[in-house]
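One file, run-v6.tsv, is given below (TSV, C-alpha atoms).
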chain	number	residue	atom	x	y	z
A	134	MET	CA	75.66	-43.85	-141.63
A	135	THR	CA	76.91	-40.79	-139.73
A	136	ASP	CA	76.13	-40.75	-136.00
A	137	THR	CA	73.63	-38.13	-134.86
A	138	VAL	CA	75.06	-35.02	-133.19
A	139	ASP	CA	73.32	-34.32	-129.87
A	140	VAL	CA	73.67	-31.14	-127.80
A	141	THR	CA	72.95	-31.41	-124.07
A	142	LEU	CA	72.54	-28.58	-121.56
A	143	LEU	CA	74.15	-29.58	-118.26
A	144	SER	CA	74.03	-28.03	-114.79
A	145	SER	CA	77.69	-28.51	-113.83
A	146	VAL	CA	81.04	-29.34	-115.39
A	147	SER	CA	81.12	-32.23	-112.89
A	148	GLU	CA	78.60	-34.01	-115.11
A	149	VAL	CA	81.42	-34.54	-117.62
A	150	PRO	CA	84.40	-36.68	-116.58
A	151	ALA	CA	87.54	-34.56	-116.32
A	152	ALA	CA	89.41	-36.62	-118.91
A	153	GLU	CA	86.61	-36.22	-121.48
A	154	TRP	CA	86.27	-32.47	-120.86
A	155	ASP	CA	90.02	-31.87	-121.09
A	156	ALA	CA	90.30	-33.97	-124.24
A	157	CYS	CA	88.25	-31.17	-125.82
A	158	ALA	CA	89.56	-28.23	-123.78
A	159	CYS	CA	93.29	-28.96	-123.90
A	160	PRO	CA	94.14	-31.86	-126.22
A	161	GLU	CA	97.68	-30.48	-126.47
A	162	ALA	CA	98.22	-31.47	-122.81
A	163	ALA	CA	97.70	-35.17	-123.56
A	164	ASP	CA	101.50	-35.49	-123.67
A	165	GLY	CA	101.66	-34.55	-120.01
A	166	GLY	CA	102.60	-30.93	-120.67
A	167	ARG	CA	100.77	-27.77	-119.79
A	168	PRO	CA	97.53	-26.75	-121.47
A	169	LEU	CA	97.65	-23.67	-123.65
A	170	ASP	CA	94.83	-22.19	-121.59
A	171	PRO	CA	94.56	-23.22	-117.92
A	172	PHE	CA	91.20	-21.46	-117.51
A	173	THR	CA	89.04	-23.78	-119.61
A	174	THR	CA	90.38	-26.91	-117.96
A	175	HIS	CA	88.01	-29.07	-115.94
A	176	ARG	CA	89.95	-28.34	-112.75
A	177	PHE	CA	89.70	-24.53	-113.05
A	178	LEU	CA	86.01	-24.44	-113.92
A	179	SER	CA	85.29	-27.02	-111.23
A	180	ALA	CA	87.14	-24.89	-108.68
A	181	LEU	CA	84.82	-21.98	-109.49
A	182	GLU	CA	81.78	-24.20	-108.94
A	183	ARG	CA	82.95	-26.09	-105.85
A	184	SER	CA	84.04	-22.88	-104.13
A	185	GLY	CA	80.72	-21.13	-104.70
A	186	SER	CA	82.37	-18.42	-106.79
A	187	VAL	CA	79.76	-19.22	-109.45
A	188	GLY	CA	76.33	-20.71	-108.92
A	189	GLN	CA	73.37	-19.73	-106.80
A	190	GLY	CA	73.33	-16.08	-105.83
A	191	THR	CA	76.32	-15.04	-107.94
A	192	GLY	CA	74.61	-14.18	-111.22
A	193	TRP	CA	76.75	-16.83	-112.94
A	194	ASP	CA	74.60	-19.97	-113.18
A	195	PRO	CA	76.63	-22.80	-114.78
A	196	ARG	CA	74.94	-24.49	-117.72
A	197	PRO	CA	77.76	-26.06	-119.75
A	198	LEU	CA	77.01	-27.43	-123.20
A	199	ALA	CA	78.12	-30.92	-124.25
A	200	VAL	CA	78.05	-32.22	-127.83
A	201	ARG	CA	78.19	-35.93	-128.55
A	202	GLN	CA	78.41	-37.71	-131.85
A	203	GLY	CA	77.18	-41.16	-131.10
A	204	GLU	CA	78.90	-42.10	-127.84
A	205	VAL	CA	81.85	-39.74	-128.29
A	206	LEU	CA	82.02	-36.33	-126.61
A	207	ILE	CA	83.30	-34.10	-129.42
A	208	ALA	CA	82.75	-30.60	-127.98
A	209	VAL	CA	81.96	-28.67	-124.81
A	210	ALA	CA	81.53	-25.01	-123.88
A	211	PRO	CA	81.54	-23.21	-120.51
A	212	LEU	CA	78.06	-21.65	-120.73
A	213	TYR	CA	76.46	-19.55	-117.99
A	214	VAL	CA	73.06	-17.98	-117.47
A	215	LYS	CA	73.79	-14.39	-116.42
A	216	SER	CA	71.51	-12.10	-114.42
A	217	HIS	CA	73.88	-9.12	-114.76
A	218	SER	CA	76.92	-8.07	-116.82
A	219	GLN	CA	79.54	-7.99	-114.08
A	220	GLY	CA	82.81	-9.91	-114.22
A	221	GLU	CA	82.90	-10.08	-118.03
A	222	TYR	CA	85.42	-7.35	-119.06
A	223	ILE	CA	83.89	-7.03	-122.54
A	224	PHE	CA	80.91	-5.08	-121.37
A	225	ASP	CA	77.40	-4.69	-122.75
A	226	PHE	CA	75.93	-2.43	-120.05
A	227	ASN	CA	74.89	0.17	-122.62
A	228	TRP	CA	73.09	-2.45	-124.72
A	229	ALA	CA	71.22	-3.63	-121.64
A	230	HIS	CA	70.24	-0.11	-120.62
A	231	ALA	CA	69.05	0.76	-124.13
A	232	TRP	CA	66.94	-2.39	-124.39
A	233	GLU	CA	65.40	-1.96	-120.95
A	234	ARG	CA	64.61	1.71	-121.63
A	235	ALA	CA	62.76	0.51	-124.71
A	236	GLY	CA	60.67	-1.80	-122.51
A	237	GLY	CA	62.59	-5.03	-123.13
A	238	ARG	CA	64.12	-7.49	-120.67
A	239	TYR	CA	67.85	-7.94	-121.25
A	240	TYR	CA	68.52	-10.32	-118.36
A	241	PRO	CA	68.88	-13.22	-118.10
A	242	LYS	CA	71.23	-13.78	-121.01
A	243	LEU	CA	73.64	-16.56	-122.00
A	244	GLN	CA	77.40	-16.18	-121.73
A	245	ILE	CA	80.06	-18.54	-123.09
A	246	ALA	CA	83.07	-17.43	-121.11
A	247	VAL	CA	85.44	-18.09	-118.25
A	248	PRO	CA	84.01	-16.09	-115.33
A	249	PHE	CA	86.06	-13.13	-114.10
A	250	THR	CA	88.87	-13.98	-116.53
A	251	PRO	CA	89.72	-11.57	-119.38
A	252	ALA	CA	92.15	-13.97	-121.04
A	253	THR	CA	91.90	-15.02	-124.68
A	254	GLY	CA	91.41	-18.71	-125.33
A	255	ARG	CA	89.19	-21.17	-127.16
A	256	ARG	CA	85.56	-21.05	-126.09
A	257	PHE	CA	84.22	-23.71	-128.48
A	258	LEU	CA	86.19	-26.61	-127.06
A	259	THR	CA	86.35	-29.44	-129.57
A	260	LEU	CA	88.24	-32.63	-130.13
A	261	PRO	CA	90.88	-32.26	-132.84
A	262	GLU	CA	89.38	-32.76	-136.31
A	263	PHE	CA	85.87	-31.97	-134.98
A	264	GLU	CA	86.29	-28.19	-134.99
A	265	GLU	CA	83.73	-27.41	-137.68
A	266	THR	CA	81.08	-29.86	-136.46
A	267	GLY	CA	81.62	-29.04	-132.80
A	268	ARG	CA	81.57	-25.25	-133.24
A	269	ALA	CA	78.44	-25.34	-135.34
A	270	ALA	CA	76.64	-27.54	-132.81
A	271	LEU	CA	77.65	-25.34	-129.87
A	272	VAL	CA	76.61	-22.11	-131.59
A	273	GLN	CA	73.32	-23.54	-132.83
A	274	GLY	CA	72.63	-25.10	-129.44
A	275	ALA	CA	73.25	-21.86	-127.51
A	276	VAL	CA	71.13	-19.79	-129.90
A	277	GLN	CA	68.28	-22.31	-129.85
A	278	ILE	CA	68.32	-22.38	-126.05
A	279	ALA	CA	68.20	-18.58	-125.89
A	280	ASP	CA	65.50	-18.32	-128.55
A	281	GLY	CA	63.41	-21.11	-127.07
A	282	ASN	CA	63.48	-19.54	-123.61
A	283	ASP	CA	62.84	-15.96	-124.74
A	284	LEU	CA	66.31	-14.80	-123.67
A	285	SER	CA	67.68	-11.58	-125.10
A	286	SER	CA	71.13	-12.65	-126.23
A	287	VAL	CA	74.13	-14.95	-126.36
A	288	HIS	CA	77.69	-13.69	-125.83
A	289	VAL	CA	81.02	-15.43	-126.40
A	290	THR	CA	83.79	-13.40	-124.79
A	291	PHE	CA	87.58	-13.52	-125.21
A	292	CYS	CA	87.39	-16.14	-127.93
A	293	THR	CA	90.24	-16.65	-130.40
A	294	GLU	CA	90.43	-14.71	-133.65
A	295	ASP	CA	89.87	-17.94	-135.56
A	296	GLU	CA	86.68	-18.61	-133.57
A	297	ALA	CA	85.56	-15.03	-134.15
A	298	ARG	CA	85.86	-15.46	-137.92
A	299	ALA	CA	84.03	-18.79	-137.81
A	300	GLY	CA	81.29	-17.35	-135.61
A	301	ALA	CA	80.81	-14.38	-137.92
A	302	GLU	CA	80.37	-16.79	-140.83
A	303	MET	CA	77.61	-18.48	-138.80
A	304	GLY	CA	75.79	-15.17	-138.39
A	305	LEU	CA	77.06	-13.97	-135.02
A	306	MET	CA	78.21	-10.38	-134.60
A	307	HIS	CA	81.95	-9.94	-134.14
A	308	ARG	CA	83.25	-7.40	-131.62
A	309	VAL	CA	86.85	-6.19	-131.45
A	310	SER	CA	88.28	-4.90	-128.18
A	311	GLN	CA	91.79	-4.18	-126.88
A	312	GLN	CA	94.28	-5.35	-124.29
A	313	PHE	CA	98.00	-4.89	-123.63
A	314	HIS	CA	100.32	-7.89	-123.95
A	315	TRP	CA	104.09	-8.29	-123.58
A	316	VAL	CA	105.78	-10.37	-126.29
A	317	ASN	CA	109.03	-12.26	-125.80
A	318	ARG	CA	111.31	-11.54	-128.76
A	319	GLY	CA	113.79	-14.21	-127.74
A	320	TYR	CA	115.31	-12.23	-124.88
A	321	ALA	CA	118.04	-13.88	-122.82
A	322	ASP	CA	117.23	-11.79	-119.75
A	323	PHE	CA	115.51	-8.59	-118.62
A	324	ASP	CA	118.43	-6.49	-119.83
A	325	GLY	CA	117.91	-7.95	-123.29
A	326	PHE	CA	114.33	-6.69	-123.18
A	327	LEU	CA	115.49	-3.28	-121.96
A	328	ALA	CA	117.90	-3.06	-124.89
A	329	ASP	CA	114.90	-3.06	-127.24
A	330	LEU	CA	113.48	0.07	-125.60
A	331	SER	CA	114.24	3.69	-126.33
A	332	SER	CA	116.93	5.16	-124.09
A	333	ARG	CA	114.47	7.27	-122.10
A	334	LYS	CA	112.08	4.37	-121.46
A	335	ARG	CA	114.97	2.07	-120.59
A	336	LYS	CA	116.16	4.48	-117.90
A	337	THR	CA	112.59	4.88	-116.59
A	338	LEU	CA	112.10	1.14	-116.16
A	339	ARG	CA	115.44	0.72	-114.42
A	340	LYS	CA	114.55	3.53	-112.05
A	341	GLU	CA	111.12	1.99	-111.34
A	342	ARG	CA	112.67	-1.38	-110.52
A	343	ARG	CA	115.21	0.21	-108.18
A	344	THR	CA	112.48	2.23	-106.49
A	345	ALA	CA	110.22	-0.81	-106.07
A	346	GLN	CA	112.95	-3.05	-104.76
A	347	ALA	CA	113.88	-0.46	-102.14
A	348	PHE	CA	110.60	-0.98	-100.28
A	349	GLY	CA	112.48	-2.45	-97.33
A	350	GLY	CA	111.78	-6.12	-97.79
A	351	THR	CA	112.13	-9.15	-100.07
A	352	ILE	CA	110.21	-10.36	-103.12
A	353	HIS	CA	109.45	-14.09	-103.33
A	354	ALA	CA	108.03	-16.18	-106.19
A	355	PHE	CA	106.15	-19.37	-105.31
A	356	THR	CA	104.85	-22.16	-107.54
A	357	GLY	CA	104.06	-25.84	-107.22
A	358	ALA	CA	105.22	-27.45	-103.98
A	359	THR	CA	106.61	-24.16	-102.62
A	360	LEU	CA	103.08	-22.73	-102.30
A	361	ARG	CA	101.74	-22.98	-98.76
A	362	PRO	CA	98.35	-22.22	-97.13
A	363	GLU	CA	99.80	-19.18	-95.36
A	364	HIS	CA	100.57	-17.64	-98.73
A	365	TRP	CA	96.90	-17.90	-99.69
A	366	ASP	CA	95.84	-16.41	-96.37
A	367	ALA	CA	97.99	-13.40	-97.17
A	368	PHE	CA	96.86	-13.15	-100.76
A	369	TRP	CA	93.20	-13.37	-99.73
A	370	ARG	CA	93.66	-10.16	-97.72
A	371	PHE	CA	95.18	-8.45	-100.75
A	372	TYR	CA	92.46	-9.74	-103.07
A	373	GLN	CA	89.69	-8.60	-100.74
A	374	ASP	CA	91.11	-5.07	-100.64
A	375	THR	CA	91.37	-4.81	-104.41
A	376	GLY	CA	87.99	-6.48	-105.00
A	377	SER	CA	86.20	-4.22	-102.56
A	378	ARG	CA	87.59	-1.11	-104.23
A	379	LYS	CA	87.04	-2.27	-107.83
A	380	TRP	CA	83.81	-4.25	-107.73
A	381	GLY	CA	82.23	-3.55	-104.34
A	382	THR	CA	82.63	-7.19	-103.29
A	383	PRO	CA	85.25	-9.72	-104.44
A	384	TYR	CA	84.06	-12.15	-107.12
A	385	LEU	CA	86.00	-15.15	-105.85
A	386	THR	CA	85.47	-16.85	-102.48
A	387	ARG	CA	88.26	-17.77	-100.07
A	388	GLU	CA	87.54	-21.43	-100.85
A	389	PHE	CA	88.47	-20.87	-104.49
A	390	PHE	CA	92.11	-20.35	-103.56
A	391	ASP	CA	92.10	-23.55	-101.53
A	392	GLU	CA	90.68	-25.39	-104.54
A	393	ILE	CA	93.33	-24.17	-106.97
A	394	HIS	CA	96.05	-24.84	-104.39
A	395	ALA	CA	94.91	-28.46	-104.30
A	396	THR	CA	94.46	-28.98	-108.05
A	397	MET	CA	96.49	-26.33	-109.92
A	398	ALA	CA	99.59	-25.51	-107.86
A	399	ASP	CA	101.90	-26.28	-110.78
A	400	ASP	CA	99.92	-23.87	-112.96
A	401	ILE	CA	100.34	-20.94	-110.56
A	402	LEU	CA	103.02	-18.30	-110.00
A	403	LEU	CA	102.34	-16.30	-106.83
A	404	VAL	CA	104.65	-13.32	-106.30
A	405	LEU	CA	104.65	-11.95	-102.75
A	406	ALA	CA	106.45	-9.05	-101.10
A	407	GLU	CA	107.57	-9.56	-97.49
A	408	ARG	CA	108.59	-6.75	-95.15
A	409	GLU	CA	109.46	-7.01	-91.47
A	410	GLY	CA	108.21	-10.58	-91.27
A	411	ARG	CA	104.81	-10.13	-92.88
A	412	TRP	CA	103.42	-10.32	-96.39
A	413	ILE	CA	102.41	-6.85	-97.63
A	414	ALA	CA	101.58	-7.26	-101.34
A	415	GLY	CA	101.16	-9.91	-103.99
A	416	ALA	CA	100.34	-10.76	-107.59
A	417	LEU	CA	98.71	-13.98	-108.79
A	418	ASN	CA	99.59	-15.42	-112.20
A	419	PHE	CA	98.50	-18.57	-114.02
A	420	ILE	CA	100.96	-20.39	-116.26
A	421	GLY	CA	99.97	-21.65	-119.72
A	422	ARG	CA	102.06	-23.57	-122.21
A	423	GLU	CA	103.07	-20.39	-124.04
A	424	THR	CA	101.69	-17.55	-121.92
A	425	LEU	CA	101.88	-16.20	-118.38
A	426	TYR	CA	98.51	-14.78	-117.36
A	427	GLY	CA	98.53	-12.02	-114.77
A	428	ARG	CA	95.24	-12.07	-112.88
A	429	TYR	CA	95.06	-10.37	-109.50
A	430	TRP	CA	97.07	-7.91	-107.45
A	431	GLY	CA	96.61	-6.45	-103.99
A	432	CYS	CA	98.45	-4.90	-101.05
A	433	ILE	CA	98.06	-3.78	-97.46
A	434	GLU	CA	100.90	-1.25	-97.67
A	435	ASP	CA	101.54	1.29	-100.42
A	436	HIS	CA	105.10	1.51	-101.75
A	437	PRO	CA	106.18	3.40	-104.89
A	438	CYS	CA	106.34	1.25	-108.04
A	439	LEU	CA	105.81	-2.01	-106.15
A	440	HIS	CA	102.68	-2.70	-108.20
A	441	PHE	CA	104.69	-2.41	-111.44
A	442	GLU	CA	107.41	-4.69	-110.07
A	443	LEU	CA	105.17	-7.48	-108.81
A	444	CYS	CA	102.65	-7.44	-111.66
A	445	TYR	CA	104.71	-6.58	-114.75
A	446	TYR	CA	108.45	-6.86	-114.27
A	447	GLN	CA	108.43	-10.06	-112.22
A	448	ALA	CA	106.09	-11.54	-114.84
A	449	ILE	CA	108.51	-10.59	-117.62
A	450	ASP	CA	111.42	-12.09	-115.66
A	451	HIS	CA	109.52	-15.37	-115.27
A	452	ALA	CA	108.41	-15.49	-118.91
A	453	ILE	CA	111.97	-14.98	-120.13
A	454	ALA	CA	113.40	-17.55	-117.72
A	455	GLN	CA	110.80	-20.16	-118.72
A	456	GLY	CA	110.84	-19.40	-122.45
A	457	LEU	CA	107.21	-18.31	-122.55
A	458	MET	CA	106.07	-16.36	-125.60
A	459	ARG	CA	103.99	-13.65	-123.93
A	460	VAL	CA	102.54	-12.14	-120.81
A	461	GLU	CA	98.87	-11.20	-120.72
A	462	ALA	CA	98.33	-8.80	-117.84
A	463	GLY	CA	94.54	-8.63	-117.86
A	464	ALA	CA	92.06	-5.97	-118.88
A	465	GLN	CA	92.51	-2.22	-119.30
A	466	GLY	CA	95.59	-0.21	-118.38
A	467	GLU	CA	97.29	2.12	-120.87
A	468	HIS	CA	99.96	2.50	-118.17
A	469	LYS	CA	101.16	-0.92	-119.31
A	470	LEU	CA	102.28	0.57	-122.63
A	471	ALA	CA	105.28	2.36	-121.13
A	472	ARG	CA	106.35	-0.93	-119.57
A	473	GLY	CA	106.61	-2.87	-122.82
A	474	TYR	CA	103.05	-4.19	-123.08
A	475	LEU	CA	101.69	-3.35	-126.53
A	476	PRO	CA	98.04	-3.09	-127.61
A	477	VAL	CA	96.48	-6.10	-129.32
A	478	GLN	CA	92.99	-6.98	-130.49
A	479	THR	CA	90.72	-9.21	-128.43
A	480	HIS	CA	87.55	-10.77	-129.79
A	481	SER	CA	84.00	-11.64	-128.84
A	482	LEU	CA	80.84	-12.87	-130.56
A	483	HIS	CA	77.25	-11.83	-129.96
A	484	TRP	CA	73.75	-12.92	-130.93
A	485	ILE	CA	70.83	-10.57	-130.24
A	486	ALA	CA	67.28	-11.87	-130.48
A	487	ASP	CA	65.49	-8.60	-131.30
A	488	ALA	CA	66.04	-7.42	-134.87
A	489	GLY	CA	65.97	-3.72	-133.98
A	490	LEU	CA	68.47	-4.01	-131.16
A	491	ARG	CA	70.58	-6.29	-133.33
A	492	ARG	CA	70.82	-3.65	-136.07
A	493	ALA	CA	71.75	-0.95	-133.56
A	494	VAL	CA	74.44	-3.13	-131.98
A	495	ALA	CA	75.84	-4.08	-135.39
A	496	GLN	CA	76.22	-0.40	-136.31
A	497	PHE	CA	77.90	0.31	-132.99
A	498	LEU	CA	80.33	-2.60	-133.40
A	499	GLU	CA	81.36	-1.44	-136.87
A	500	ALA	CA	82.21	2.04	-135.58
A	501	GLU	CA	83.87	0.63	-132.45
A	502	GLU	CA	86.15	-1.64	-134.46
A	503	ARG	CA	87.41	1.29	-136.54
A	504	ALA	CA	88.10	3.26	-133.36
A	505	VAL	CA	89.92	0.33	-131.72
A	506	ASP	CA	92.07	-0.26	-134.80
A	507	GLU	CA	93.02	3.41	-134.95
A	508	GLU	CA	93.86	3.50	-131.26
A	509	ILE	CA	96.03	0.38	-131.53
A	510	GLU	CA	97.93	1.94	-134.42
A	511	VAL	CA	98.52	5.19	-132.54
A	512	LEU	CA	99.48	3.54	-129.25
A	513	THR	CA	101.87	1.14	-130.98
A	514	GLU	CA	103.58	4.06	-132.68
A	515	TYR	CA	104.01	5.79	-129.32
A	516	GLY	CA	105.16	2.62	-127.59
A	517	PRO	CA	108.45	2.36	-125.69
A	518	PHE	CA	110.41	0.39	-128.28
A	519	ARG	CA	113.21	1.82	-130.40
A	520	LYS	CA	112.03	2.67	-133.89
A	521	THR	CA	115.17	1.69	-135.84
A	522	GLY	CA	118.77	0.69	-135.43
A	523	PRO	CA	120.57	-2.14	-133.68
A	524	SER	CA	120.14	-2.88	-130.00
A	525	PRO	CA	122.44	-0.61	-128.02
A	526	THR	CA	124.95	-1.78	-125.48
A	527	ALA	CA	123.28	-1.92	-122.10
A	528	GLU	CA	123.76	1.34	-120.25
A	529	PRO	CA	125.12	1.40	-116.71
A	530	GLU	CA	122.73	1.70	-113.81
A	531	GLU	CA	122.23	5.27	-112.64

Let me see the file written as structure tokens.
Amino acid sequence: MTDTVDVTLLSSVSEVPAAEWDACACPEAADGGRPLDPFTTHRFLSALERSGSVGQGTGWDPRPLAVRQGEVLIAVAPLYVKSHSQGEYIFDFNWAHAWERAGGRYYPKLQIAVPFTPATGRRFLTLPEFEETGRAALVQGAVQIADGNDLSSVHVTFCTEDEARAGAEMGLMHRVSQQFHWVNRGYADFDGFLADLSSRKRKTLRKERRTAQAFGGTIHAFTGATLRPEHWDAFWRFYQDTGSRKWGTPYLTREFFDEIHATMADDILLVLAEREGRWIAGALNFIGRETLYGRYWGCIEDHPCLHFELCYYQAIDHAIAQGLMRVEAGAQGEHKLARGYLPVQTHSLHWIADAGLRRAVAQFLEAEERAVDEEIEVLTEYGPFRKTGPSPTAEPEE
């Protein structure tokens, strides 16, 4: 007799032992290596909760889902009750406005996501060989919770393409969006990457690196045991400046950076610029098994091209040196195209309770997908890479 599958709504990831959660979230790390996705690990999600970055007053109320078959935890999902649409990066503001103009109540809604993190990864976290059962239970559980509590919708953001296909087969609506990613084509060094670019773009990138590195100071890269509390003090100032300008108030608390310093130092690459004895700018990256994830940037002094150097070129240098397959530099930014980051699809899934709104959203998503596909094709064609011919001999610095 097959054990019954039970879905439980929790109030914190702490209700699941870290080893059980990570067995579902990152089974590939059981060999002691890195997880593919550091953001769905127990330690990252716990850091968000313990630091107060999510929870009461934030609009991100943790309600993770846990699926057990008999006594075995076979699947989990980072589920949140949302009272707004901020910090998601695949936005549904227009859907909310349309529904509320029609007299409906869009919030609260359910969101399966990693808060404030536009990085693709699995969202239906299952033990190996339980993918089909676990996904189905998580989707059905989330929809039943929304439907049973008269909530407007369920959203699964930055899921994998495979999850998007599976979700669509279960009746969820599939949305296609776009980001810019850098792909390592087996480069030996940064010059090897430059050799793949057109001559004009190659010269532009060299000039930008020279300009950035002439800011009058030194660039440092810290990870693991080389990270110190003073580095986080500096980065907090940078993050506050960027957060205040972009979102009004920063999403993450100062305590969050202390939490990840304690539990995730080996998963972090912090690039800082120092001038005249003080830190003036920085970029925070997380390290996955195959991917370097650029997350936050900030500065207290403006210097030409320093943003490009710290966020993009230092990330490429690290990815090449460590043999990583790609760099994901976050949401938005067509300016990344000229720097070797090409457009790629990202995916999300959506369930809308009201039939009328659901039809309208479905029509919108169909048109949006065509537009995204066309834009990706055009931007790729106008990208910085050489169209044909062998890699040229590296040109001398100008």

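Atom pair atom CA of A:Glu302 / atom CA of A:Thr174 has a distance of 26.9 Å (rounded to one decimal).
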
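Among the candidate residues A:Phe224, A:Trp365, A:Phe263, A:Phe291, the one lying nearest to A:Arg201 is A:Phe263, with distances computed using only C-alpha atoms.
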
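Comparing A:Asp322, A:Asp136, A:Asp280, A:Glu501 by their smallest distance to A:Ala454, the closest is A:Asp322 (using all atoms listed in the file).
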
(request) Find, counting all atoms listed in the file, the residue in A:Gly473, A:Pro150, A:Pro195, A:Gly300 that gets nearest to A:Leu338. (result) A:Gly473

(request) Would you be able to write out as JSON, numbers by chain which residues have an atom within 9 Å of (101.7, -1.5, -124.2) in the file's coordinates, counting only C-alpha atoms? (result) {"A": [312, 313, 314, 315, 466, 467, 468, 469, 470, 471, 472, 473, 474, 475, 476, 477, 512, 513, 516, 517]}

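Considering only C-alpha atoms, the residue among A:Ala152, A:Cys159, A:Val205, A:Ala414 positioned nearest to A:Phe348 is A:Ala414.
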
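Taking atom CA of A:Tyr239 as the reference point, atom CA of A:Tyr222 is found at 17.7 Å.
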
(request) Counting all atoms listed in the file, write as a list in words all protein and nucleic acid residues lying at most 9 Å from (97.6, -8.3, -116.9) in the file's frame. (result) Pro251, Ala252, Gln312, Phe313, His314, Asn418, Tyr426, Gly427, Arg428, Tyr429, Cys444, Tyr445, Val460, Glu461, Ala462, Gly463, Ala464, Gln465, Gly466 and Lys469 of chain A

Selection from above, C-alpha atoms, as a PDB file, in the frame of the given file, can you write it?
ATOM      1  CA  PRO A 251      89.720 -11.570-119.380  1.00  0.00           C
ATOM      2  CA  ALA A 252      92.150 -13.970-121.040  1.00  0.00           C
ATOM      3  CA  GLN A 312      94.280  -5.350-124.290  1.00  0.00           C
ATOM      4  CA  PHE A 313      98.000  -4.890-123.630  1.00  0.00           C
ATOM      5  CA  HIS A 314     100.320  -7.890-123.950  1.00  0.00           C
ATOM      6  CA  ASN A 418      99.590 -15.420-112.200  1.00  0.00           C
ATOM      7  CA  TYR A 426      98.510 -14.780-117.360  1.00  0.00           C
ATOM      8  CA  GLY A 427      98.530 -12.020-114.770  1.00  0.00           C
ATOM      9  CA  ARG A 428      95.240 -12.070-112.880  1.00  0.00           C
ATOM     10  CA  TYR A 429      95.060 -10.370-109.500  1.00  0.00           C
ATOM     11  CA  CYS A 444     102.650  -7.440-111.660  1.00  0.00           C
ATOM     12  CA  TYR A 445     104.710  -6.580-114.750  1.00  0.00           C
ATOM     13  CA  VAL A 460     102.540 -12.140-120.810  1.00  0.00           C
ATOM     14  CA  GLU A 461      98.870 -11.200-120.720  1.00  0.00           C
ATOM     15  CA  ALA A 462      98.330  -8.800-117.840  1.00  0.00           C
ATOM     16  CA  GLY A 463      94.540  -8.630-117.860  1.00  0.00           C
ATOM     17  CA  ALA A 464      92.060  -5.970-118.880  1.00  0.00           C
ATOM     18  CA  GLN A 465      92.510  -2.220-119.300  1.00  0.00           C
ATOM     19  CA  GLY A 466      95.590  -0.210-118.380  1.00  0.00           C
ATOM     20  CA  LYS A 469     101.160  -0.920-119.310  1.00  0.00           C
TER      21      LYS A 469
END

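Here atom CA of A:Arg308 is placed at a distance of 21.4 Å from atom CA of A:Phe172.
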
(request) Rank nothing, just name the residue among A:Arg268, A:His307, A:Arg238, A:Arg387 nearest to A:Leu490, using only C-alpha atoms. (result) A:Arg238

(request) Write out as a ChimeraX atom specification each polymer residue whose atoms come within 8 Å of A:Leu425, counting all atoms listed in the file; drop sequence neighbours fewer than 3 positions from it. (result) /A:418-421,448,452,457,459-461

Using the atoms already present, construct N, CA, C and O atoms for stretch 364-371 of chain A and hand them back as a PDB file, in the frame of the given file.
ATOM      1  N   HIS A 364     100.458 -18.573 -97.603  1.00  0.00           N
ATOM      2  CA  HIS A 364     100.570 -17.640 -98.730  1.00  0.00           C
ATOM      3  C   HIS A 364      99.182 -17.244 -99.231  1.00  0.00           C
ATOM      4  O   HIS A 364      98.947 -16.081 -99.578  1.00  0.00           O
ATOM      5  N   TRP A 365      98.266 -18.211 -99.247  1.00  0.00           N
ATOM      6  CA  TRP A 365      96.900 -17.900 -99.690  1.00  0.00           C
ATOM      7  C   TRP A 365      96.159 -17.065 -98.668  1.00  0.00           C
ATOM      8  O   TRP A 365      95.338 -16.222 -99.029  1.00  0.00           O
ATOM      9  N   ASP A 366      96.446 -17.268 -97.388  1.00  0.00           N
ATOM     10  CA  ASP A 366      95.840 -16.410 -96.370  1.00  0.00           C
ATOM     11  C   ASP A 366      96.233 -14.960 -96.607  1.00  0.00           C
ATOM     12  O   ASP A 366      95.398 -14.050 -96.511  1.00  0.00           O
ATOM     13  N   ALA A 367      97.512 -14.762 -96.905  1.00  0.00           N
ATOM     14  CA  ALA A 367      97.990 -13.400 -97.170  1.00  0.00           C
ATOM     15  C   ALA A 367      97.370 -12.845 -98.442  1.00  0.00           C
ATOM     16  O   ALA A 367      96.879 -11.704 -98.464  1.00  0.00           O
ATOM     17  N   PHE A 368      97.376 -13.652 -99.491  1.00  0.00           N
ATOM     18  CA  PHE A 368      96.860 -13.150-100.760  1.00  0.00           C
ATOM     19  C   PHE A 368      95.368 -12.857-100.669  1.00  0.00           C
ATOM     20  O   PHE A 368      94.868 -11.934-101.321  1.00  0.00           O
ATOM     21  N   TRP A 369      94.629 -13.627 -99.899  1.00  0.00           N
ATOM     22  CA  TRP A 369      93.200 -13.370 -99.730  1.00  0.00           C
ATOM     23  C   TRP A 369      92.956 -11.966 -99.189  1.00  0.00           C
ATOM     24  O   TRP A 369      92.044 -11.272 -99.623  1.00  0.00           O
ATOM     25  N   ARG A 370      93.793 -11.527 -98.244  1.00  0.00           N
ATOM     26  CA  ARG A 370      93.660 -10.160 -97.720  1.00  0.00           C
ATOM     27  C   ARG A 370      93.890  -9.136 -98.825  1.00  0.00           C
ATOM     28  O   ARG A 370      93.169  -8.148 -98.932  1.00  0.00           O
ATOM     29  N   PHE A 371      94.900  -9.383 -99.659  1.00  0.00           N
ATOM     30  CA  PHE A 371      95.180  -8.450-100.750  1.00  0.00           C
ATOM     31  C   PHE A 371      94.025  -8.431-101.753  1.00  0.00           C
ATOM     32  O   PHE A 371      93.600  -7.372-102.218  1.00  0.00           O
TER      33      PHE A 371
END
